[in-house]
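Worksheet: one structure, shown below.
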Amino acid sequence: LDCGDAPGLVLAALRAGLTRVRFNGQRGVAAKLAVIARRQGAEVVGGRLTSLDLLDLPDPAAACRRWLTAR
């Protein structure tokens, strides 16, 4: 779950039982959230995301298959 830069969303996601959440806020806050997550067997990840824009593609399903199999 991508929680952006909202630490409260990360905590709510962890309380809800999610085991992997994304946080792109301050490093110090991210470190504290990572400790909390590890204690629960979860993980907080950050960094740049890659994405596939399907808006103008003639065959979105084929583009998805190519993109997902290339990973």
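Letters A, B, ... mark the chains of the structure tokens in the order given; residue numbers begin at 1 per chain; ligand numbers begin at 1, in order shown.
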task: May I have the residues within 12 Å of Ile36 of chain A as a list in words, using only C-alpha atoms and disregarding those fewer than 2 positions away in the same chain?
output: Pro7, Val10, Leu11, Ala12, Ala13, Leu14, Arg15, Thr19, Val29, Ala30, Ala31, Lys32, Leu33, Ala34, Arg38, Arg39, Gln40, Gly41, Ala42, Glu43 and Val44 of chain A
Dump as a PDB file, in the first residue's frame, selection limited to N, CA and C atoms:
ATOM      1  N   PRO A   7       2.745   9.351   7.751  1.00  0.00           N
ATOM      2  CA  PRO A   7       3.075   8.288   8.700  1.00  0.00           C
ATOM      3  C   PRO A   7       1.847   7.688   9.378  1.00  0.00           C
ATOM      4  N   VAL A  10       0.639   4.845   7.358  1.00  0.00           N
ATOM      5  CA  VAL A  10       1.496   3.668   7.541  1.00  0.00           C
ATOM      6  C   VAL A  10       1.078   2.925   8.801  1.00  0.00           C
ATOM      7  N   LEU A  11       0.922   3.647   9.889  1.00  0.00           N
ATOM      8  CA  LEU A  11       0.536   3.016  11.151  1.00  0.00           C
ATOM      9  C   LEU A  11      -0.834   2.352  11.043  1.00  0.00           C
ATOM     10  N   ALA A  12      -1.774   3.002  10.379  1.00  0.00           N
ATOM     11  CA  ALA A  12      -3.099   2.423  10.198  1.00  0.00           C
ATOM     12  C   ALA A  12      -3.016   1.150   9.351  1.00  0.00           C
ATOM     13  N   ALA A  13      -2.200   1.178   8.314  1.00  0.00           N
ATOM     14  CA  ALA A  13      -2.039   0.003   7.459  1.00  0.00           C
ATOM     15  C   ALA A  13      -1.442  -1.161   8.242  1.00  0.00           C
ATOM     16  N   LEU A  14      -0.464  -0.861   9.076  1.00  0.00           N
ATOM     17  CA  LEU A  14       0.145  -1.909   9.897  1.00  0.00           C
ATOM     18  C   LEU A  14      -0.867  -2.473  10.892  1.00  0.00           C
ATOM     19  N   ARG A  15      -1.660  -1.592  11.489  1.00  0.00           N
ATOM     20  CA  ARG A  15      -2.704  -2.049  12.418  1.00  0.00           C
ATOM     21  C   ARG A  15      -3.728  -2.927  11.714  1.00  0.00           C
ATOM     22  N   THR A  19       1.441  -6.167   5.419  1.00  0.00           N
ATOM     23  CA  THR A  19       2.807  -6.556   5.741  1.00  0.00           C
ATOM     24  C   THR A  19       3.855  -5.834   4.909  1.00  0.00           C
ATOM     25  N   VAL A  29      11.632   9.728  10.179  1.00  0.00           N
ATOM     26  CA  VAL A  29      10.309   9.146  10.416  1.00  0.00           C
ATOM     27  C   VAL A  29      10.247   7.754   9.795  1.00  0.00           C
ATOM     28  N   ALA A  30      10.809   7.604   8.597  1.00  0.00           N
ATOM     29  CA  ALA A  30      10.812   6.302   7.918  1.00  0.00           C
ATOM     30  C   ALA A  30      11.550   5.265   8.754  1.00  0.00           C
ATOM     31  N   ALA A  31      12.648   5.662   9.364  1.00  0.00           N
ATOM     32  CA  ALA A  31      13.418   4.728  10.196  1.00  0.00           C
ATOM     33  C   ALA A  31      12.599   4.264  11.396  1.00  0.00           C
ATOM     34  N   LYS A  32      11.883   5.187  12.027  1.00  0.00           N
ATOM     35  CA  LYS A  32      11.042   4.816  13.180  1.00  0.00           C
ATOM     36  C   LYS A  32       9.905   3.900  12.750  1.00  0.00           C
ATOM     37  N   LEU A  33       9.297   4.202  11.610  1.00  0.00           N
ATOM     38  CA  LEU A  33       8.210   3.350  11.105  1.00  0.00           C
ATOM     39  C   LEU A  33       8.736   1.959  10.754  1.00  0.00           C
ATOM     40  N   ALA A  34       9.950   1.890  10.228  1.00  0.00           N
ATOM     41  CA  ALA A  34      10.543   0.597   9.878  1.00  0.00           C
ATOM     42  C   ALA A  34      10.731  -0.271  11.113  1.00  0.00           C
ATOM     43  N   ARG A  38       8.930  -3.842  11.578  1.00  0.00           N
ATOM     44  CA  ARG A  38       9.699  -5.077  11.805  1.00  0.00           C
ATOM     45  C   ARG A  38       9.207  -5.836  13.025  1.00  0.00           C
ATOM     46  N   ARG A  39       8.847  -5.114  14.064  1.00  0.00           N
ATOM     47  CA  ARG A  39       8.325  -5.754  15.280  1.00  0.00           C
ATOM     48  C   ARG A  39       7.051  -6.548  15.003  1.00  0.00           C
ATOM     49  N   GLN A  40       6.346  -6.163  13.936  1.00  0.00           N
ATOM     50  CA  GLN A  40       5.087  -6.826  13.575  1.00  0.00           C
ATOM     51  C   GLN A  40       5.271  -7.798  12.412  1.00  0.00           C
ATOM     52  N   GLY A  41       6.514  -8.000  11.993  1.00  0.00           N
ATOM     53  CA  GLY A  41       6.763  -8.872  10.853  1.00  0.00           C
ATOM     54  C   GLY A  41       6.416  -8.240   9.523  1.00  0.00           C
ATOM     55  N   ALA A  42       6.427  -6.921   9.482  1.00  0.00           N
ATOM     56  CA  ALA A  42       6.076  -6.185   8.265  1.00  0.00           C
ATOM     57  C   ALA A  42       7.296  -5.407   7.770  1.00  0.00           C
ATOM     58  N   GLU A  43       7.118  -4.712   6.667  1.00  0.00           N
ATOM     59  CA  GLU A  43       8.207  -3.976   6.041  1.00  0.00           C
ATOM     60  C   GLU A  43       7.704  -2.633   5.515  1.00  0.00           C
ATOM     61  N   VAL A  44       8.517  -1.609   5.696  1.00  0.00           N
ATOM     62  CA  VAL A  44       8.255  -0.293   5.112  1.00  0.00           C
ATOM     63  C   VAL A  44       9.303  -0.086   4.026  1.00  0.00           C
TER      64      VAL A  44
END
- request: List every residue of chain A that DSSP, applied to the backbone, labels as helix (DSSP H, G or I), and write the result as a ChimeraX atom specification.
  value: /A:7-15,27-39,60-69
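For the pair atom CA of Leu9 of chain A and atom CA of Val21 of chain A, the interatomic distance is 9.4 Å.
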When DSSP is applied to the backbone of this structure, which of segment 10-62 of chain A are assigned strand (DSSP E or B)? Write them out as a short mmCIF file (atom, residue, chain, number, x, y, z; two decimals) with N, CA, C and O atoms, in the first residue's frame.
data_model
loop_
_atom_site.label_atom_id
_atom_site.label_comp_id
_atom_site.auth_asym_id
_atom_site.auth_seq_id
_atom_site.Cartn_x
_atom_site.Cartn_y
_atom_site.Cartn_z
N ARG A 20 3.41 -5.04 3.94
CA ARG A 20 4.37 -4.26 3.14
C ARG A 20 3.71 -2.96 2.75
O ARG A 20 2.69 -2.95 2.06
N VAL A 21 4.29 -1.85 3.19
CA VAL A 21 3.75 -0.53 2.87
C VAL A 21 4.87 0.37 2.35
O VAL A 21 6.04 0.18 2.67
N ARG A 22 4.50 1.35 1.56
CA ARG A 22 5.46 2.29 1.00
C ARG A 22 5.30 3.62 1.71
O ARG A 22 4.18 4.10 1.92
N GLU A 43 7.12 -4.71 6.67
CA GLU A 43 8.21 -3.98 6.04
C GLU A 43 7.70 -2.63 5.52
O GLU A 43 6.62 -2.55 4.95
N VAL A 44 8.52 -1.61 5.70
CA VAL A 44 8.26 -0.29 5.11
C VAL A 44 9.30 -0.09 4.03
O VAL A 44 10.49 -0.19 4.29
N VAL A 45 8.85 0.17 2.81
CA VAL A 45 9.77 0.39 1.70
C VAL A 45 9.62 1.83 1.21
O VAL A 45 8.61 2.48 1.44
#
